[in-house]
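Asks: Could you have a look at this structure, given as structure tokens, before my questions?
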Amino acid sequence: MIRCEHIYKSFDGKTVLEDISAEFMPGEINMIIGRSGSGKTVLLKSIAGLYPVDSGDIFYGDVSFTSLSFAERKNIRRDVGMIFQGGALLDSSTVEENVRFPLDMFTSESAAAKKERVEFCLRRVNLTGAEHLYPAELSGGMIKRVAIARAIVMNPKYLFCDEPNSGLDPVTSNVIDRLIYDITKEYKITTIVNTHDMNSVMEIGEKIVFINGGRKEWEGSSKDILFTDNEALNSFVFASNMAKKVRDAAGGAGM
Amino acid sequence: MNIFGLIGRYVVLMGKVFSKPEKWRVYRRRIVAEMESLGFNSIGIVALVSVFMGAVLMLQMCINFESPFIPRELMGYATRETMILEFSSTVVALILAGRVGSSIASEIGTMRITEQIDALEIMGVNSASYLILPKVIATVVFFPLLAILSIIVGLVGGYAVTVITGIVIPDVYLTGLKMYFKLFSIVYALIKMVVYAFIITSVSGFYGYYAKGNSLEVGRASTKAVVVSSVLILMFDLIITQISYL
């Protein structure tokens, strides 16, 4: 479980996150949604420890992450996997080397055991046979799948996904969503997905946190979204005509 | 950011770079790879520049010291000393600052803006150390070898001029090369090259590591890395020279 308490974050005097508190449960797809520039990426990266928060606290289980030393944080990070918007694969390494990288750095396993683990993870994301390709030779969907394989290779307890579907077609997006969902359920991971893709929200989202202008505006389930009275959330969710039709068909609010 | 802020940031980064590596075995592999990329692959440009530098130096010496009172052997001697003391260390370092420095800054800068550095941090890797330390070690070890290569090739270039133009009898040039030889000159050149190697990789790594924004910023970081490295090389040339001859 991850818990945020009254997080504040600013850059160069400009407040980006204001008093955000939320709880993210294990084995669930927790989603942070919001418009571009609303602060959701900053929130996710603050939770992941990439940005130090100005004030407030972040708990991984019962451990206060914000009060840990640099060395202690490193121990928690071994339990963290993250999928970045662009994949963030190491350009100079092959698919196999990318996935094996955390094992090389932090385990003393034999080469055979590492190879077996890498093959398992690549099989899990349907990428068998791509081991020797470089990131430049992969499609957008393949890059995301390699990033997922790398994120799960150390059996993480926490998985952060920063817009995992950006730049992908709807079919590939569904594949990535399904992978994230299955892995979360299979390993009981605390997964936080940062997205503005409403299809993903409706497909796999369980707990949703809506961020607007750096503040938490709304919190609930993906089903509740269709029936909310929150004006800002409604204008975000029902920005497209298709979403309005889905709401009307479901007999949602605001008809 | 003012100069003191910049220096402070650089010192903090170096503290991270020189902290204990997570796994030496991985670092060793990277050091070897960096030696090939930053050192071995620079042999061609260093040799090319050095052969012409040696040749031009020899020609200049002969043209400008044309006097019956100056023994012709001194042409070889002066070429050797100039190559060892300045050209094969300082000038070669300036060329390497352009080739290697820009490559390091743009590589690490690109990794920063494409979130590869964030990915390393999330895994619990000390990204500064993982990315910069192998480059520093590789260049500190390999660049002095490039300086030696440059000295040898430069002197060969000078010899080639004597053979091709006949401006000095080749044997006289060779006699000059052996005159008043002091081993300290070589040691001095190698010490300078070690310092320059550190400056080039650490400064370029610094500018790449703190690049932010887009590809334009990576380009700017790369330019700054080369300019600042070059200025520091010349500044430390003066400092080391002054210290060496105290």
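Residue numbers start at 1 in each chain; chains themselves are named A, B, ... in the order of the structure tokens; ligands are numbered from 1 in the order shown.
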Using only C-alpha atoms, tabulate the residues of chain B lying at most 8 Å from any atom of chain A, each with its closest atom pair and that distance in Å to one decimal, by chain and increasing residue number, as a Markdown table.

Replies:
```
| residue | atom | partner | partner_atom | distance |
| --- | --- | --- | --- | --- |
| B:Glu22 | CA | A:Met105 | CA | 6.6 |
| B:Lys23 | CA | A:Met105 | CA | 6.0 |
| B:Val26 | CA | A:Met105 | CA | 7.0 |
| B:Met111 | CA | A:Leu90 | CA | 7.9 |
| B:Thr114 | CA | A:Ala88 | CA | 6.0 |
| B:Glu115 | CA | A:Ala88 | CA | 5.4 |
| B:Gln116 | CA | A:Ala88 | CA | 4.6 |
| B:Asp118 | CA | A:Leu50 | CA | 7.0 |
| B:Ala119 | CA | A:Ala88 | CA | 6.4 |
| B:Glu121 | CA | A:Leu50 | CA | 7.4 |
| B:Ile122 | CA | A:Arg77 | CA | 6.0 |
| B:Met123 | CA | A:Arg77 | CA | 5.7 |
| B:Gly124 | CA | A:Lys74 | CA | 4.7 |
| B:Val125 | CA | A:Lys74 | CA | 7.7 |
```

Asks: With a distance cut-off of 9 Å and only C-alpha atoms, select the neighbouring residues of Leu174 (chain B), excluding the residue or stretch itself and same-chain residues fewer than 6 positions from it, and output the selection as a count of residues only.

Replies: 4

Asks: Give the answer as one residue: which of B:Ile84, B:Ala78, B:Ala189, B:Leu183 has the shortest atom-to-atom distance to Gly154 (chain B), using only C-alpha atoms?

Replies: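 Selected residue with least distance to Gly154 (chain B): B:Ile84.
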
Asks: Would you pick out the contacts of Leu17 (chain A) at 9 Å or less, using only C-alpha atoms, so that residues sharing its chain but fewer than 3 positions from it are not included, and give the list as a JSON list (two decimals) with all heavy atoms, in the first residue's frame?

Replies:
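Result file is around-v7.json:
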```json
[["chain", "number", "residue", "atom", "x", "y", "z"],
["A", 7, "ILE", "N", 0.69, 16.38, 0.32],
["A", 7, "ILE", "CA", 1.89, 16.65, -0.48],
["A", 7, "ILE", "C", 1.81, 18.03, -1.14],
["A", 7, "ILE", "O", 0.80, 18.39, -1.75],
["A", 7, "ILE", "CB", 2.06, 15.58, -1.58],
["A", 7, "ILE", "CG1", 2.41, 14.25, -0.94],
["A", 7, "ILE", "CG2", 3.15, 15.97, -2.57],
["A", 7, "ILE", "CD1", 2.61, 13.15, -1.93],
["A", 8, "TYR", "N", 2.89, 18.75, -1.01],
["A", 8, "TYR", "CA", 3.05, 20.04, -1.69],
["A", 8, "TYR", "C", 4.34, 19.97, -2.52],
["A", 8, "TYR", "O", 5.36, 19.44, -2.04],
["A", 8, "TYR", "CB", 3.19, 21.19, -0.70],
["A", 8, "TYR", "CG", 1.89, 21.60, -0.05],
["A", 8, "TYR", "CD1", 1.40, 20.87, 1.03],
["A", 8, "TYR", "CD2", 1.17, 22.69, -0.50],
["A", 8, "TYR", "CE1", 0.20, 21.24, 1.65],
["A", 8, "TYR", "CE2", -0.03, 23.06, 0.11],
["A", 8, "TYR", "CZ", -0.51, 22.34, 1.18],
["A", 8, "TYR", "OH", -1.68, 22.70, 1.78],
["A", 9, "LYS", "N", 4.29, 20.48, -3.72],
["A", 9, "LYS", "CA", 5.49, 20.52, -4.55],
["A", 9, "LYS", "C", 5.45, 21.75, -5.44],
["A", 9, "LYS", "O", 4.42, 22.05, -6.07],
["A", 9, "LYS", "CB", 5.56, 19.24, -5.41],
["A", 9, "LYS", "CG", 6.72, 19.20, -6.39],
["A", 9, "LYS", "CD", 8.03, 19.01, -5.70],
["A", 9, "LYS", "CE", 9.21, 19.16, -6.65],
["A", 9, "LYS", "NZ", 10.48, 19.31, -5.94],
["A", 10, "SER", "N", 6.56, 22.46, -5.50],
["A", 10, "SER", "CA", 6.61, 23.61, -6.41],
["A", 10, "SER", "C", 7.93, 23.62, -7.15],
["A", 10, "SER", "O", 8.92, 23.04, -6.70],
["A", 10, "SER", "CB", 6.44, 24.91, -5.61],
["A", 10, "SER", "OG", 7.45, 24.98, -4.63],
["A", 20, "ILE", "N", -2.08, 17.26, -1.55],
["A", 20, "ILE", "CA", -2.64, 16.03, -2.12],
["A", 20, "ILE", "C", -2.49, 14.88, -1.13],
["A", 20, "ILE", "O", -1.39, 14.60, -0.67],
["A", 20, "ILE", "CB", -1.94, 15.68, -3.46],
["A", 20, "ILE", "CG1", -2.21, 16.83, -4.42],
["A", 20, "ILE", "CG2", -2.39, 14.33, -3.97],
["A", 20, "ILE", "CD1", -2.30, 16.51, -5.83],
["A", 38, "SER", "N", -1.72, 19.19, -15.52],
["A", 38, "SER", "CA", -2.46, 19.27, -14.25],
["A", 38, "SER", "C", -1.59, 18.91, -13.05],
["A", 38, "SER", "O", -1.95, 19.18, -11.91],
["A", 38, "SER", "CB", -3.69, 18.36, -14.30],
["A", 38, "SER", "OG", -3.27, 17.02, -14.51],
["A", 39, "GLY", "N", -0.46, 18.26, -13.32],
["A", 39, "GLY", "CA", 0.46, 17.90, -12.23],
["A", 39, "GLY", "C", 0.50, 16.41, -11.94],
["A", 39, "GLY", "O", 1.14, 15.98, -10.97],
["A", 40, "LYS", "N", -0.15, 15.60, -12.79],
["A", 40, "LYS", "CA", -0.21, 14.17, -12.48],
["A", 40, "LYS", "C", 1.15, 13.48, -12.61],
["A", 40, "LYS", "O", 1.48, 12.61, -11.80],
["A", 40, "LYS", "CB", -1.29, 13.44, -13.28],
["A", 40, "LYS", "CG", -1.20, 13.59, -14.79],
["A", 40, "LYS", "CD", -2.45, 12.99, -15.43],
["A", 40, "LYS", "CE", -2.28, 12.89, -16.93],
["A", 40, "LYS", "NZ", -1.99, 14.16, -17.61],
["A", 42, "VAL", "N", 4.06, 14.94, -12.15],
["A", 42, "VAL", "CA", 4.84, 15.40, -10.99],
["A", 42, "VAL", "C", 4.43, 14.62, -9.75],
["A", 42, "VAL", "O", 5.28, 14.19, -8.96],
["A", 42, "VAL", "CB", 4.67, 16.92, -10.77],
["A", 42, "VAL", "CG1", 5.38, 17.38, -9.51],
["A", 42, "VAL", "CG2", 5.20, 17.70, -11.97],
["A", 43, "LEU", "N", 3.11, 14.37, -9.63],
["A", 43, "LEU", "CA", 2.63, 13.60, -8.47],
["A", 43, "LEU", "C", 3.20, 12.18, -8.50],
["A", 43, "LEU", "O", 3.74, 11.69, -7.50],
["A", 43, "LEU", "CB", 1.10, 13.56, -8.46],
["A", 43, "LEU", "CG", 0.47, 12.68, -7.38],
["A", 43, "LEU", "CD1", 0.87, 13.15, -5.99],
["A", 43, "LEU", "CD2", -1.06, 12.66, -7.50],
["A", 213, "GLY", "N", -5.44, 21.23, -11.80],
["A", 213, "GLY", "CA", -4.70, 22.42, -11.36],
["A", 213, "GLY", "C", -3.84, 22.17, -10.13],
["A", 213, "GLY", "O", -3.68, 23.04, -9.29],
["A", 214, "GLY", "N", -3.30, 20.96, -10.04],
["A", 214, "GLY", "CA", -2.39, 20.65, -8.92],
["A", 214, "GLY", "C", -3.10, 20.22, -7.64],
["A", 214, "GLY", "O", -2.44, 19.95, -6.64],
["A", 215, "ARG", "N", -4.43, 20.16, -7.68],
["A", 215, "ARG", "CA", -5.18, 19.76, -6.47],
["A", 215, "ARG", "C", -5.96, 18.49, -6.76],
["A", 215, "ARG", "O", -6.38, 18.25, -7.89],
["A", 215, "ARG", "CB", -6.16, 20.85, -6.05],
["A", 215, "ARG", "CG", -5.49, 22.15, -5.65],
["A", 215, "ARG", "CD", -6.54, 23.15, -5.22],
["A", 215, "ARG", "NE", -7.17, 22.74, -3.97],
["A", 215, "ARG", "CZ", -6.76, 23.15, -2.77],
["A", 215, "ARG", "NH1", -5.75, 23.97, -2.67],
["A", 215, "ARG", "NH2", -7.35, 22.73, -1.67],
["A", 216, "LYS", "N", -6.18, 17.69, -5.71],
["A", 216, "LYS", "CA", -7.03, 16.51, -5.89],
["A", 216, "LYS", "C", -8.48, 16.98, -5.90],
["A", 216, "LYS", "O", -8.97, 17.53, -4.93],
["A", 216, "LYS", "CB", -6.82, 15.50, -4.76],
["A", 216, "LYS", "CG", -7.55, 14.19, -5.03],
["A", 216, "LYS", "CD", -7.25, 13.16, -4.00],
["A", 216, "LYS", "CE", -8.25, 13.28, -2.85],
["A", 216, "LYS", "NZ", -8.07, 12.22, -1.85]]
```

Asks: Among region 5-254 of chain A, which residues does DSSP mark as strand (DSSP E) when it is run on the backbone? Keep the chain and numbering as in the structure and answer as a ChimeraX atom specification.

Replies: /A:5-11,14-24,29-33,55-60,63-64,80-83,158-162,190-195,207-212,215-221

Asks: Which residue out of A:Phe238, A:Phe24, A:Tyr187, A:Phe59 has the minimum interatomic distance to Gly220 (chain A) when only C-alpha atoms are used?

Replies: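 The shortest atom-to-atom distance to Gly220 (chain A) comes from A:Phe24.
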
Asks: If you run DSSP on the backbone here, which positions in region 54-239 of chain B get alpha helix (DSSP H)? Please write them as a VMD selection string.

Replies: chain B and resid 54 to 64 73 to 82 92 to 96 102 to 113 116 to 123 127 to 165 170 to 178 183 to 209 215 to 239

Asks: Just the residues within 9 Å of Arg100 (chain A), please, counting only C-alpha atoms, with nothing from its chain fewer than 5 positions along; format it as number ranges by chain.

Replies: A: 95, 105, 114-115, 117-118, 150, 153
